[in-house]
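I have placed the structure first, in the form of structure tokens, so that the comments after it can refer back to it.
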Amino acid sequence: MPADAGYKEARAISEAAREKDWKLPSFGKGLYLGDFQPDLISPQPELAPDAVEKGERFLAALGAFLQDEVDPQAIEREGRISDEVIAGFKELGALGMKVPEEYGGLGLSQVYYNRALGLVGTWHSSLSTLLSAHQSIGLAQPLLLFGSEEQKREWLPKVCTSHLSAFALTEPGVGSDPARVTTTATPTEDGAGYVLNGRKLWTTNGTVADVLVVLAKVPRSEGHRGGITAFIVPAATDGVVVEARIEFMGLRGIENSQTRYTDAFVPSENVIGKEGHGLKIALATLNTGRLALPAICASVSKWATKVAREFASQRVQWGKPIGEHDEVAQRIAFIAATAFGLEAMLDVTSRLADEKRNDVRIEAAIAKLYGSEMGWQVIDQLMQVCGGRGYETAASLQARGLRGVPVEQAMRDMRVNRIFEGSTEIMHLIVAREAMDQHLKVAGDLMAPDVPFAGKAKALGKTAAFYASWYPRLALGRGNVPRSYAAYGELAGHMRFVERTSRKLARSTFYGMARWQAGTENHGAFLGRIVDIGAELFAISSAVVYAQTAIREHPERTAETSELAEAFCNQARLRTERLFHELWSNADTPNHRLALDVLKGRHAWLEEGIIDPSAGDGPMVPSADIDLGIPVAALATPAGTGTGTGA
């Protein structure tokens with residue numbers, strides 16, 4: 001757990017994300033409390049015929065457009081997405097995939113929206129990043145969740161057809177903690193609006209966006225409750241200036257900016273929701289917005305399966321295809337099984353999001369965390385299978401007369417998913433905070449120094465009552481009634497494993513809390529493993545449930561589907577057992593101590609004999625002052641062009 005994101009901060013963030021009416025059940029949260037409820041995800045609902053027809057028709061048109069009109073290697077060479085490509089997306093309606101038809105969008109379900117992003121992401125990741133930033137976290141999603149009817153009528157048709165959008169949250173001196181936003185929005189004396197001042201970093205689509213959602217802090221004053229607030233800010237607003245286009249290791253076609261806001265006026269009617277609700281809006285937007293990344297990871301993993309199969313069948317070493325040698329075969333089995341597991345988790349979570357019967361915050365967070373981590377491992381294994389030809393660029397392969405398979409590009413592009421929209425460490429924090437809310441609240445109330453004795457006594461009574469009813473259930477499970485999983489056929493054993501292991505996970509969490517109490521938040525490696533175990537259990541459950549759905553929809557693939565599900569579940573169970581072992585048998589304490597010594601310079605002698613090739617003499621991390629008005633030595637250009645064409 002990051003040092004600056006302790007119990008109080010984490011609790012504040014999670015509570016800010018909750019709506020008053022979010023009292024819905026959560027399958028994911030139940031896994032961490034030993035309360036396995038498969039009926040929350042099984043059987044999966046059938047997709048509505050009209051949604052399927054509309055979705056499949058759009059996927060066919062989108063796939064044809066990509067193959068006929070978009071050159072992914074041109075994006076890689078030129079480092080940008082052409083105006084013609086963006087114009088084509090607009091014509092297809094791809095800018096408004098999730099927006100209801102009444103506001104000018106296509107009205108696709110979450111299931112088909114994710115399938116579309118996955119399809120685009122396999123062609124070039126910069127394309128799916130552009131579309132995702134525009135509508136997963138861009139203006140459309142916050143407006144659909146919190147916007148007024150007037151705002152929806154004005155802006156949704158625009159973002160569906162002509163206006164690219166972006167979401168401006170991160171700041172150079174703040175990083176992943178949204179509660180520390182320093183950009184200010186000062187109310188004008190006449191009450192007409194607000195004046196923005198500050199700087200935003202890593203705004204995807206920022207250099208070409210026509211409109212942005214900007215998070216800024218309103219000072220508390222008479223008539224203003226203050227707090228972090230979300231604003232609709234047209235890019236052409238005076239005082240909005242792009243200071244730099246950011247370049248990365250991968251995603252070479254994305255338009256990512258550092259943008260400065262200097263006395264930029266925003267009218268009051270452009271406040272989304274209410275003053276002070278910005279943090280809630282940001283986190284709620286990210287809840288389902290995060291599903292875009294596992295969608296891309298799942299599809300790239302499926303592409304990796306195809307490439308591994310074809311290459312390992314054609315490449316012959318020592319008298320037989322390399323895929324038949326055991327070490328390579330193990331890698332291929334991992335790639336294929338993981339592709340199935342990631343698709344299963346994505347499908348289960350997407351259908352939950354469409355149904356709106358469950359609280360999917362934890363499921364979406366786990367899907368992002370698990371998808372990005374496992375997707376990276378898939379690409380790493382694919383690189384090893386392909387060897388030197390995987391490391392060689394697609395352009396170089398093609399120049400030598402070979403098929404230009406972009407494995408090295410996929411590796412560069414995939415790596416950022418462990419950082420985007422919540423790094424792995426932040427996702428561990430979020431899931432731990434949500435999944436173990438009751439445990440952490442108990443420990444915090446008992447151990448917090450600012451709670452008086454009477455308050456501690458009351459907290460102790462509540463604690464005793466909670467654990468007296470909760471802990472005995474961990475022996476036999478929900479309702480102390482043994483369950484039958486015969487309906488899952490050959491995969492029933494994996495569901496029984498999840499039920500038993502979920503209770504073991506809850507007991508392990510309890511042991512950790514009892515051992516460290518409020519200090520548990522300082523044992524980030526322990527909490528990370530707890531979260532990862534729950535993620536594996538969710539993945540296993542998803543694989544079994546999705547296998548049932550796949551067999552129902554394609555009975556001709558029954559044997560093949562069952563084989564993939566079985567393989568994935570077996571691999572996930574082995575990872576789960578290893579994580580349990582490492583909960584209590586690890587080197588966390590000496591490793592932490594060593595890290596602190598390294599930070600103090602105790603082992604700086606180890607760095608002798610090197611030459612640091614870093615460029616320039618600027619700081620590695622900017623101070624917070626950079627967001628408060630200190631100019632940046634960069635070529636400043638007005639933000640956006642009002643065309644949204646990628647120019």
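By order in the structure tokens, chains are A, B, ...; within a chain, residues start at 1; ligands start at 1, following the order shown.
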Let's see if you can do this: from backbone DSSP, list all helix (DSSP H, G or I) residues in stretch 130-330 of chain A, as a VMD selection string.
chain A and resid 130 to 135 140 to 146 149 to 161 178 to 180 268 to 270 278 to 289 292 to 314 322 to 324 326 to 330
For the strand (DSSP E or B) assignment from backbone DSSP, which residues of stretch 219-462 of chain A qualify? Please present them as a ChimeraX atom specification.
/A:221,224,227-234,240-246,256-267,271-272,316-317,320-321
Excluding A:Leu40 and its own-chain neighbours fewer than 2 positions away, which residues fall within 9 Å of it when counting only C-alpha atoms? Please give them as a list in words.
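Within the cut-off, the hits are Pro25, Ser26, Phe27, Gln37, Pro38, Ser42, Pro43, Gln44, Leu352, Arg357 and Asn358 of chain A.
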Could you save those same residues with N, CA and C atoms as a PDB file, in the first residue's frame?
ATOM      1  N   PRO A  25     -26.052  -6.169  -4.088  1.00  0.00           N
ATOM      2  CA  PRO A  25     -25.114  -7.252  -3.743  1.00  0.00           C
ATOM      3  C   PRO A  25     -23.886  -7.220  -4.636  1.00  0.00           C
ATOM      4  N   SER A  26     -22.795  -7.783  -4.127  1.00  0.00           N
ATOM      5  CA  SER A  26     -21.547  -7.827  -4.882  1.00  0.00           C
ATOM      6  C   SER A  26     -20.941  -9.219  -4.759  1.00  0.00           C
ATOM      7  N   PHE A  27     -20.866  -9.909  -5.887  1.00  0.00           N
ATOM      8  CA  PHE A  27     -20.256 -11.238  -5.894  1.00  0.00           C
ATOM      9  C   PHE A  27     -18.804 -11.159  -5.466  1.00  0.00           C
ATOM     10  N   GLN A  37     -21.448 -16.639  -3.468  1.00  0.00           N
ATOM     11  CA  GLN A  37     -22.826 -16.601  -3.955  1.00  0.00           C
ATOM     12  C   GLN A  37     -22.843 -16.749  -5.475  1.00  0.00           C
ATOM     13  N   PRO A  38     -22.678 -17.941  -5.993  1.00  0.00           N
ATOM     14  CA  PRO A  38     -22.616 -18.128  -7.456  1.00  0.00           C
ATOM     15  C   PRO A  38     -23.887 -17.719  -8.179  1.00  0.00           C
ATOM     16  N   SER A  42     -24.559 -16.597 -12.010  1.00  0.00           N
ATOM     17  CA  SER A  42     -24.888 -17.812 -12.756  1.00  0.00           C
ATOM     18  C   SER A  42     -26.359 -18.178 -12.536  1.00  0.00           C
ATOM     19  N   PRO A  43     -27.041 -18.615 -13.610  1.00  0.00           N
ATOM     20  CA  PRO A  43     -26.569 -18.611 -15.002  1.00  0.00           C
ATOM     21  C   PRO A  43     -26.546 -17.188 -15.556  1.00  0.00           C
ATOM     22  N   GLN A  44     -25.679 -16.988 -16.535  1.00  0.00           N
ATOM     23  CA  GLN A  44     -25.596 -15.667 -17.141  1.00  0.00           C
ATOM     24  C   GLN A  44     -26.868 -15.365 -17.933  1.00  0.00           C
ATOM     25  N   LEU A 352     -22.912  -8.223 -15.966  1.00  0.00           N
ATOM     26  CA  LEU A 352     -23.335  -7.666 -14.683  1.00  0.00           C
ATOM     27  C   LEU A 352     -23.567  -6.164 -14.811  1.00  0.00           C
ATOM     28  N   ARG A 357     -28.059  -5.054 -11.705  1.00  0.00           N
ATOM     29  CA  ARG A 357     -28.625  -5.635 -10.488  1.00  0.00           C
ATOM     30  C   ARG A 357     -27.586  -5.739  -9.376  1.00  0.00           C
ATOM     31  N   ASN A 358     -26.307  -5.743  -9.755  1.00  0.00           N
ATOM     32  CA  ASN A 358     -25.230  -5.909  -8.793  1.00  0.00           C
ATOM     33  C   ASN A 358     -24.352  -4.672  -8.751  1.00  0.00           C
TER      34      ASN A 358
END
Need to verify the contact set: A:Leu127, 9 Å, only C-alpha atoms, exclusion of same-chain residues closer than 2 positions in sequence. Can you return it as a PDB file with N, CA and C atoms, in the first residue's frame?
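Output contents, as saved in result-v4.pdb:
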ATOM      1  N   ILE A  81      -2.573   9.119 -35.396  1.00  0.00           N
ATOM      2  CA  ILE A  81      -3.744   8.579 -36.077  1.00  0.00           C
ATOM      3  C   ILE A  81      -4.218   9.642 -37.067  1.00  0.00           C
ATOM      4  N   LEU A 117     -14.109  -2.509 -28.549  1.00  0.00           N
ATOM      5  CA  LEU A 117     -12.797  -2.010 -28.139  1.00  0.00           C
ATOM      6  C   LEU A 117     -11.730  -3.089 -28.296  1.00  0.00           C
ATOM      7  N   VAL A 120     -10.827  -3.360 -32.002  1.00  0.00           N
ATOM      8  CA  VAL A 120      -9.984  -2.237 -32.417  1.00  0.00           C
ATOM      9  C   VAL A 120      -8.584  -2.368 -31.820  1.00  0.00           C
ATOM     10  N   GLY A 121      -8.526  -2.800 -30.560  1.00  0.00           N
ATOM     11  CA  GLY A 121      -7.245  -2.905 -29.868  1.00  0.00           C
ATOM     12  C   GLY A 121      -6.295  -3.906 -30.471  1.00  0.00           C
ATOM     13  N   TRP A 123      -6.027  -4.347 -33.655  1.00  0.00           N
ATOM     14  CA  TRP A 123      -5.522  -3.753 -34.903  1.00  0.00           C
ATOM     15  C   TRP A 123      -4.411  -2.761 -34.588  1.00  0.00           C
ATOM     16  N   HIS A 124      -4.652  -1.866 -33.636  1.00  0.00           N
ATOM     17  CA  HIS A 124      -3.602  -1.012 -33.085  1.00  0.00           C
ATOM     18  C   HIS A 124      -4.110  -0.448 -31.762  1.00  0.00           C
ATOM     19  N   SER A 125      -3.303  -0.588 -30.715  1.00  0.00           N
ATOM     20  CA  SER A 125      -3.743  -0.192 -29.379  1.00  0.00           C
ATOM     21  C   SER A 125      -4.015   1.294 -29.259  1.00  0.00           C
ATOM     22  N   THR A 129      -7.279   3.057 -27.456  1.00  0.00           N
ATOM     23  CA  THR A 129      -7.034   4.028 -26.396  1.00  0.00           C
ATOM     24  C   THR A 129      -7.754   5.336 -26.687  1.00  0.00           C
ATOM     25  N   LEU A 130      -7.713   5.782 -27.938  1.00  0.00           N
ATOM     26  CA  LEU A 130      -8.416   7.005 -28.317  1.00  0.00           C
ATOM     27  C   LEU A 130      -9.913   6.874 -28.061  1.00  0.00           C
ATOM     28  N   LEU A 131     -10.500   5.762 -28.514  1.00  0.00           N
ATOM     29  CA  LEU A 131     -11.940   5.572 -28.360  1.00  0.00           C
ATOM     30  C   LEU A 131     -12.322   5.399 -26.901  1.00  0.00           C
ATOM     31  N   SER A 132     -11.491   4.689 -26.153  1.00  0.00           N
ATOM     32  CA  SER A 132     -11.785   4.460 -24.737  1.00  0.00           C
ATOM     33  C   SER A 132     -11.690   5.747 -23.937  1.00  0.00           C
ATOM     34  N   LEU A 251       2.092   2.757 -27.589  1.00  0.00           N
ATOM     35  CA  LEU A 251       0.938   3.587 -27.942  1.00  0.00           C
ATOM     36  C   LEU A 251       1.378   4.823 -28.718  1.00  0.00           C
ATOM     37  N   GLY A 253       0.581   6.219 -31.332  1.00  0.00           N
ATOM     38  CA  GLY A 253      -0.355   7.079 -32.041  1.00  0.00           C
ATOM     39  C   GLY A 253      -1.248   7.914 -31.144  1.00  0.00           C
ATOM     40  N   ILE A 254      -1.131   7.775 -29.818  1.00  0.00           N
ATOM     41  CA  ILE A 254      -2.069   8.507 -28.971  1.00  0.00           C
ATOM     42  C   ILE A 254      -1.660   9.966 -28.831  1.00  0.00           C
TER      43      ILE A 254
END
Skip A:Thr285 itself and residues of its chain fewer than 6 positions away, then list as a JSON list (two decimals) with N, CA, C and O atoms, in the first residue's frame all residues within 9 Å of it, counting only C-alpha atoms.
[["chain", "number", "residue", "atom", "x", "y", "z"],
["A", 136, "SER", "N", -15.14, 5.99, -22.48],
["A", 136, "SER", "CA", -15.15, 5.25, -21.22],
["A", 136, "SER", "C", -14.98, 6.19, -20.04],
["A", 136, "SER", "O", -15.59, 6.02, -18.98],
["A", 137, "ILE", "N", -14.09, 7.18, -20.21],
["A", 137, "ILE", "CA", -13.87, 8.15, -19.14],
["A", 137, "ILE", "C", -14.04, 9.59, -19.61],
["A", 137, "ILE", "O", -13.98, 10.51, -18.80],
["A", 138, "GLY", "N", -14.20, 9.79, -20.91],
["A", 138, "GLY", "CA", -14.40, 11.14, -21.44],
["A", 138, "GLY", "C", -15.76, 11.69, -21.06],
["A", 138, "GLY", "O", -16.44, 11.17, -20.17],
["A", 141, "GLN", "N", -19.48, 9.53, -20.41],
["A", 141, "GLN", "CA", -19.77, 8.72, -19.24],
["A", 141, "GLN", "C", -20.16, 9.56, -18.02],
["A", 141, "GLN", "O", -21.16, 9.27, -17.36],
["A", 142, "PRO", "N", -19.40, 10.60, -17.66],
["A", 142, "PRO", "CA", -19.83, 11.43, -16.53],
["A", 142, "PRO", "C", -21.21, 12.07, -16.74],
["A", 142, "PRO", "O", -22.00, 12.17, -15.80],
["A", 145, "LEU", "N", -23.99, 9.56, -16.19],
["A", 145, "LEU", "CA", -24.15, 9.20, -14.78],
["A", 145, "LEU", "C", -24.66, 10.36, -13.94],
["A", 145, "LEU", "O", -25.49, 10.16, -13.03]]
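Neighbours of A:Val111 closer than or equal to 10 Å, with only C-alpha atoms counted and sequence neighbours fewer than 5 positions away skipped, come out as Leu47, Ala51, Val52, Gly55, Ala116, Leu291, Ala295, Leu346, Asp347, Val348, Thr349, Ser350, Arg351, Leu352, Ala353 and Asp354 of chain A.
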From the options A:Lys280, A:His163, A:Lys306, A:Arg503, which residue's atoms come nearest to A:Val405, counting only C-alpha atoms?
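With only C-alpha atoms as the atom set, the closest residue is A:Lys306.
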Would you kindly return, as a count of residues only, each protein, DNA or RNA residue with an atom no farther than 9 Å from any atom of A:Val300, considering only C-alpha atoms and excluding same-chain residues fewer than 4 positions away?
14
Distance table requested - stretch 28-65 of chain A against stretch 514-538 of chain A, cut-off 8 Å, only C-alpha atoms: one row per qualifying residue with the closest atom pair and its distance in Å to one decimal, ordered by chain and rising residue number, as a Markdown table.
| residue | atom | partner | partner_atom | distance |
| --- | --- | --- | --- | --- |
| A:Gly28 | CA | A:Phe538 | CA | 6.7 |
| A:Leu31 | CA | A:Gly534 | CA | 6.4 |
| A:Tyr32 | CA | A:Gly534 | CA | 6.2 |
Could you save the residues just selected, with C-alpha atoms, as a tab-separated table (two decimals), in the first residue's frame?
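Printed below is part-v5.tsv as written:
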chain	number	residue	atom	x	y	z
A	28	GLY	CA	-16.67	-10.04	-5.68
A	31	LEU	CA	-15.53	-13.78	-2.09
A	32	TYR	CA	-13.34	-11.82	0.31
Please compute the atom CA of A:Gln381-atom CA of A:Val431 distance, one decimal, in Å.
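If I compute the distance from atom CA of A:Gln381 to atom CA of A:Val431, I get 27.3 Å.
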The residue from A:Thr561, A:Thr393, A:Thr501, A:Ser221 with the smallest atom-to-atom distance to A:Arg573, counting only C-alpha atoms, is A:Thr501
Nearest residue to A:Ile246 out of A:Leu201, A:Val208, A:Ile610, A:Val214, using only C-alpha atoms?
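Selected residue with least distance to A:Ile246: A:Leu201.
Using only C-alpha atoms, the nearest neighbour of A:Ile281 within the list A:Tyr261, A:Phe334, A:Phe248, A:Phe167 is A:Phe167.
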